[in-house]
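Colleague: Here you go, this is upload38.cif (mmCIF, C-alpha atoms).
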data_structure
#
loop_
_atom_site.label_atom_id
_atom_site.label_comp_id
_atom_site.auth_asym_id
_atom_site.auth_seq_id
_atom_site.Cartn_x
_atom_site.Cartn_y
_atom_site.Cartn_z
CA MET A 19 -34.38 17.24 -7.80
CA ARG A 20 -31.64 19.24 -9.43
CA SER A 21 -29.19 17.69 -11.83
CA MET A 22 -25.47 17.51 -11.18
CA SER A 23 -23.54 20.69 -12.01
CA SER A 24 -20.51 20.67 -14.28
CA VAL A 25 -18.27 20.90 -11.22
CA GLN A 26 -20.00 17.89 -9.66
CA ARG A 27 -19.66 15.94 -12.90
CA VAL A 28 -15.96 16.70 -13.11
CA ARG A 29 -15.51 15.77 -9.45
CA ALA A 30 -17.34 12.47 -10.03
CA CYS A 31 -15.04 11.78 -12.96
CA LEU A 32 -12.06 12.61 -10.81
CA LEU A 33 -13.28 10.20 -8.18
CA ALA A 34 -13.62 7.57 -10.89
CA ALA A 35 -10.06 8.21 -11.96
CA PHE A 36 -8.94 7.99 -8.35
CA VAL A 37 -10.63 4.70 -7.64
CA SER A 38 -9.48 3.27 -10.95
CA ALA A 39 -5.94 4.49 -10.35
CA ILE A 40 -5.84 2.71 -7.06
CA LEU A 41 -7.11 -0.47 -8.63
CA SER A 42 -4.71 -0.36 -11.56
CA ALA A 43 -1.66 -0.78 -9.37
CA CYS A 44 -3.00 -3.93 -7.76
CA ALA A 45 -2.60 -6.22 -10.74
CA THR A 46 0.60 -8.24 -10.69
CA PRO A 47 2.09 -9.14 -14.09
CA GLY A 48 1.87 -12.85 -14.85
CA VAL A 49 -0.85 -13.49 -12.27
CA THR A 50 -4.41 -14.18 -13.39
CA LEU A 51 -6.78 -12.45 -11.04
CA PRO A 52 -10.33 -13.71 -10.54
CA ASP A 53 -13.14 -11.67 -12.06
CA ARG A 54 -14.85 -9.51 -9.46
CA ALA A 55 -17.61 -6.94 -9.53
CA PHE A 56 -18.69 -4.41 -6.94
CA THR A 57 -21.62 -2.01 -6.98
CA GLY A 58 -22.78 0.47 -4.42
CA ARG A 59 -22.89 4.11 -3.39
CA PHE A 60 -20.06 6.59 -3.01
CA SER A 61 -19.63 9.96 -1.40
CA VAL A 62 -16.50 12.10 -1.53
CA THR A 63 -15.81 15.24 0.47
CA THR A 64 -12.83 17.51 -0.12
CA THR A 65 -11.92 20.15 2.44
CA SER A 66 -9.43 22.93 1.85
CA GLY A 67 -9.35 25.66 4.48
CA THR A 68 -12.96 26.77 4.83
CA GLN A 69 -13.99 25.36 1.43
CA ARG A 70 -15.85 22.06 1.51
CA GLU A 71 -17.20 20.24 -1.53
CA ASN A 72 -19.27 17.05 -1.77
CA VAL A 73 -20.13 14.66 -4.59
CA SER A 74 -22.17 11.49 -4.29
CA GLY A 75 -23.72 8.84 -6.47
CA ARG A 76 -23.49 5.19 -7.44
CA PHE A 77 -20.53 3.14 -8.62
CA ASN A 78 -20.12 -0.04 -10.65
CA LEU A 79 -16.65 -1.58 -10.65
CA GLU A 80 -15.70 -4.61 -12.74
CA ILE A 81 -12.30 -6.24 -12.45
CA ARG A 82 -11.51 -8.80 -15.15
CA GLY A 83 -7.97 -10.02 -14.86
CA ARG A 84 -5.83 -6.93 -15.22
CA ARG A 85 -8.58 -4.77 -16.72
CA GLN A 86 -10.81 -2.58 -14.60
CA VAL A 87 -13.86 -0.60 -15.62
CA LEU A 88 -15.39 1.85 -13.19
CA GLU A 89 -18.60 3.72 -13.89
CA LEU A 90 -19.87 6.48 -11.64
CA GLY A 91 -23.43 7.65 -11.82
CA SER A 92 -25.57 10.40 -10.43
CA PRO A 93 -27.96 9.54 -7.61
CA LEU A 94 -30.64 9.23 -10.32
CA GLY A 95 -28.62 6.67 -12.28
CA THR A 96 -27.20 8.71 -15.16
CA THR A 97 -23.63 7.68 -16.00
CA VAL A 98 -21.39 10.63 -15.18
CA ALA A 99 -17.95 9.10 -15.70
CA ARG A 100 -16.35 5.93 -16.99
CA VAL A 101 -12.73 4.98 -16.38
CA GLU A 102 -11.06 2.03 -18.09
CA VAL A 103 -7.66 0.75 -17.01
CA GLU A 104 -5.66 -1.86 -18.91
CA PRO A 105 -1.99 -2.77 -18.80
CA GLY A 106 -0.13 0.08 -20.45
CA GLY A 107 -2.83 2.71 -20.34
CA ALA A 108 -5.97 4.24 -18.97
CA ARG A 109 -8.71 6.51 -20.23
CA ALA A 110 -11.51 8.48 -18.65
CA THR A 111 -14.66 9.76 -20.32
CA GLY A 112 -17.70 11.44 -18.93
CA ALA A 113 -20.56 13.84 -19.33
CA GLN A 114 -19.33 17.29 -20.39
CA MET A 115 -15.72 16.10 -20.32
CA HIS A 116 -13.33 15.33 -23.14
CA GLU A 117 -11.66 11.93 -23.17
CA VAL A 118 -8.44 11.83 -21.17
CA ARG A 119 -5.80 9.17 -21.84
CA GLY A 120 -2.59 8.44 -20.04
CA PRO A 121 0.01 5.76 -19.42
CA ASP A 122 -1.81 4.82 -16.23
CA ALA A 123 -4.71 5.96 -14.10
CA ASP A 124 -2.29 7.71 -11.74
CA ALA A 125 -1.18 10.04 -14.53
CA ILE A 126 -4.81 10.77 -15.42
CA THR A 127 -5.67 11.49 -11.80
CA GLU A 128 -2.75 13.87 -11.42
CA GLN A 129 -3.69 15.60 -14.67
CA LEU A 130 -7.35 16.00 -13.74
CA LEU A 131 -6.98 16.84 -10.07
CA GLY A 132 -3.68 18.61 -9.96
CA TRP A 133 -2.72 16.71 -6.82
CA PRO A 134 -1.50 13.16 -6.21
CA LEU A 135 -3.62 10.25 -5.03
CA PRO A 136 -2.50 6.77 -4.03
CA VAL A 137 -2.40 4.36 -6.96
CA ALA A 138 -2.50 1.12 -5.05
CA GLY A 139 -4.70 -0.41 -2.44
CA LEU A 140 -8.42 -0.10 -3.10
CA ALA A 141 -8.81 -3.47 -4.81
CA ASP A 142 -7.38 -4.99 -1.63
CA TRP A 143 -9.04 -2.57 0.80
CA ILE A 144 -12.50 -3.27 -0.63
CA GLU A 145 -11.81 -6.94 0.18
CA GLY A 146 -10.86 -6.08 3.78
CA ARG A 147 -7.07 -6.40 3.61
CA PRO A 148 -4.05 -4.15 3.14
CA SER A 149 -2.14 -4.20 -0.10
CA PRO A 150 0.64 -6.76 0.49
CA GLU A 151 3.33 -4.97 -1.53
CA ARG A 152 3.56 -1.99 0.82
CA ILE A 153 3.96 -1.31 4.52
CA ALA A 154 0.70 -0.98 6.44
CA ARG A 155 -0.55 -0.76 9.99
CA VAL A 156 -3.58 -2.96 10.57
CA ASP A 157 -6.03 -3.14 13.50
CA ARG A 158 -8.26 -6.17 13.89
CA ASP A 159 -11.35 -6.92 15.94
CA GLY A 160 -12.35 -10.56 16.23
CA GLY A 161 -10.09 -11.47 13.33
CA ARG A 162 -11.59 -8.90 10.96
CA VAL A 163 -9.60 -5.93 9.74
CA VAL A 164 -11.24 -2.75 11.05
CA LEU A 165 -8.53 -0.20 10.24
CA ILE A 166 -5.72 0.04 7.71
CA GLU A 167 -3.17 2.83 7.53
CA GLN A 168 -1.35 2.67 4.22
CA ASP A 169 0.05 5.08 1.63
CA GLY A 170 -0.94 8.12 3.73
CA TRP A 171 -4.57 6.98 3.92
CA THR A 172 -6.58 5.80 6.91
CA ILE A 173 -9.11 3.18 5.83
CA ARG A 174 -11.86 2.34 8.31
CA LEU A 175 -13.94 -0.80 7.77
CA PRO A 176 -16.82 -0.24 10.22
CA GLU A 177 -19.25 -2.82 8.83
CA TYR A 178 -18.95 -6.23 7.17
CA PHE A 179 -21.55 -8.34 5.38
CA GLU A 180 -23.08 -10.98 7.64
CA HIS A 181 -22.46 -14.02 5.45
CA ILE A 182 -19.19 -13.13 3.73
CA ALA A 183 -15.95 -11.80 5.13
CA ARG A 184 -15.97 -8.64 3.05
CA PRO A 185 -16.57 -5.03 4.12
CA ARG A 186 -19.94 -3.47 3.47
CA ARG A 187 -18.78 0.06 4.35
CA LEU A 188 -15.39 1.71 3.89
CA VAL A 189 -14.29 5.19 4.93
CA LEU A 190 -11.01 6.36 3.37
CA GLU A 191 -9.46 9.53 4.77
CA ARG A 192 -6.39 11.51 3.90
CA ALA A 193 -5.27 14.71 5.62
CA ALA A 194 -4.53 17.81 3.59
CA ILE A 195 -0.97 17.89 2.28
CA ALA A 196 0.87 20.77 0.58
CA ASN A 197 -1.71 22.31 -1.80
CA ALA A 198 -3.98 19.24 -1.81
CA PRO A 199 -7.22 19.27 0.18
CA ALA A 200 -8.19 16.73 2.80
CA VAL A 201 -10.21 13.92 1.21
CA THR A 202 -12.86 11.64 2.71
CA LEU A 203 -14.22 8.90 0.46
CA ARG A 204 -17.11 6.76 1.69
CA LEU A 205 -18.15 3.55 -0.06
CA VAL A 206 -21.22 1.46 0.73
CA VAL A 207 -20.96 -1.80 -1.20
CA ASP A 208 -24.12 -3.60 -2.31
CA GLU A 209 -24.54 -7.18 -1.14
CA PRO A 210 -23.21 -9.53 -3.82
CA ALA A 211 -25.75 -11.50 -5.83
CA GLY A 212 -25.79 -15.24 -5.38
#
When written as structure tokens, how does the structure in this file appear?

Modeller:
Amino acid sequence: MRSMSSVQRVRACLLAAFVSAILSACATPGVTLPDRAFTGRFSVTTTSGTQRENVSGRFNLEIRGRRQVLELGSPLGTTVARVEVEPGGARATGAQMHEVRGPDADAITEQLLGWPLPVAGLADWIEGRPSPERIARVDRDGGRVVLIEQDGWTIRLPEYFEHIARPRRLVLERAAIANAPAVTLRLVVDEPAG
């Protein structure tokens, strides 16, 4: 198998910044959030005109109060990028990439990608609910959320775990806007231990 190219490594880091940026906006000051951890596989596809690029690998996301740490790895398990978000700042590091710091993960994402990404929602979306602070359209099937439209993203939740009311698969899509490509992010969450 071939190793990830520099472009793929940077794209994986950008995805880490994106996911972390989304999570950073979900913490409410003064509220203690429960510790949560998610692991699984990710795949991101960007499409701009006739250009299409793909990156895939594994993710490990830990949320401890208002601090999030996201690690992205190659399909073979090598850590490609690590993003840490705390109140007041964020930083991203990764293979063949200098450390990037900013006031928040949104600023890092904009700096790295050159185009905006939503900075709120994923911590809620990965739990199968829209972010309560913003307007959303929600479709349900049998009481479970199967589709969320929020912040310019369409989030499909096609599969849930059998024994817990949490999505196993998520597909996040955003159409191309201005100079930004269309983005499709797929997450397959591992079954929680215990």

Colleague: Do a neighbour search on Val98 (chain A) at 6 Å with only C-alpha atoms, toss out local chain neighbours closer than 3 positions, and write the hits as a PyMOL selection string.

Modeller: chain A and resi 90-91+112-113

Colleague: Using all atoms listed in the file, which protein or nucleic acid residues come within 6 Å of region 99-110 of chain A? Drop anything in the same chain fewer than 6 positions from it, and give the result as a list in words.

Modeller: Cys31, Arg85, Gln86, Val87, Leu88, Glu89, Leu90, Glu117, Val118, Arg119, Gly120, Pro121, Asp122 and Ala123 of chain A

Colleague: Could you please determine the separation between CA of Glu191 (chain A) and CA of Ile153 (chain A) in Å, to one decimal place?

Modeller: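 If I compute the distance from CA of Glu191 (chain A) to CA of Ile153 (chain A), I get 17.3 Å.
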
Colleague: Do you have the CA of Arg82 (chain A)-CA of Arg186 (chain A) distance handy?

Modeller: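 These two atoms are separated by 21.1 Å.
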
Colleague: Rounded to one decimal place, report the CA of Thr202 (chain A)-CA of Leu165 (chain A) distance in Å.

Modeller: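 CA of Leu165 (chain A) lies at a distance of 14.7 Å from CA of Thr202 (chain A).
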
Colleague: Between A:Thr63, A:Gly83, A:Tyr178, A:Val189, which residue has the minimum interatomic distance to Gly146 (chain A), considering only C-alpha atoms?

Modeller: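 So, comparing all the options, the nearest one is A:Tyr178.
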
Colleague: For the PyMOL selection byres ((chain A and resi 68-77) around 8), applied here, can you spell out every residue it catches as a ChimeraX atom specification?

Modeller: /A:26,29-30,56-67,78-79,88-95

Colleague: May I ask which of the residues A:Arg184, A:Arg54, A:Arg162, A:Arg174 is the closest one to Leu203 (chain A), counting all atoms listed in the file?

Modeller: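 Checking each candidate against Leu203 (chain A), we get A:Arg174 as the closest.
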
Colleague: I need the residue set behind the PyMOL selection byres ((chain A and resi 177) around 8) for this file; please write it as a list in words.

Modeller: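 That expression, the PyMOL selection byres ((chain A and resi 177) around 8), corresponds here to Leu175, Pro176, Tyr178, Phe179, Pro185, Arg186, Arg187 and Leu188 of chain A.
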
Colleague: Neighbours of Thr172 (chain A) within 6 Å (all atoms listed in the file; same-chain residues fewer than 5 positions away dropped), as a list in words?

Modeller: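 Using all atoms listed in the file, the neighbours found are Ile166, Glu167, Leu190 and Glu191 of chain A.
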
Colleague: With distances taken over only C-alpha atoms, which residue among A:Pro52, A:Ala198, A:Thr111, A:Glu209 lies nearest His181 (chain A)?

Modeller: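 The closest residue to His181 (chain A) is A:Glu209.
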
Colleague: Hey, which of A:Asp53, A:Thr97, A:Gln114, A:Asn197 ends up closest to Ile81 (chain A)? Count all atoms listed in the file.

Modeller: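 When distances to Ile81 (chain A) are compared using all atoms listed in the file, the smallest one comes from A:Asp53.
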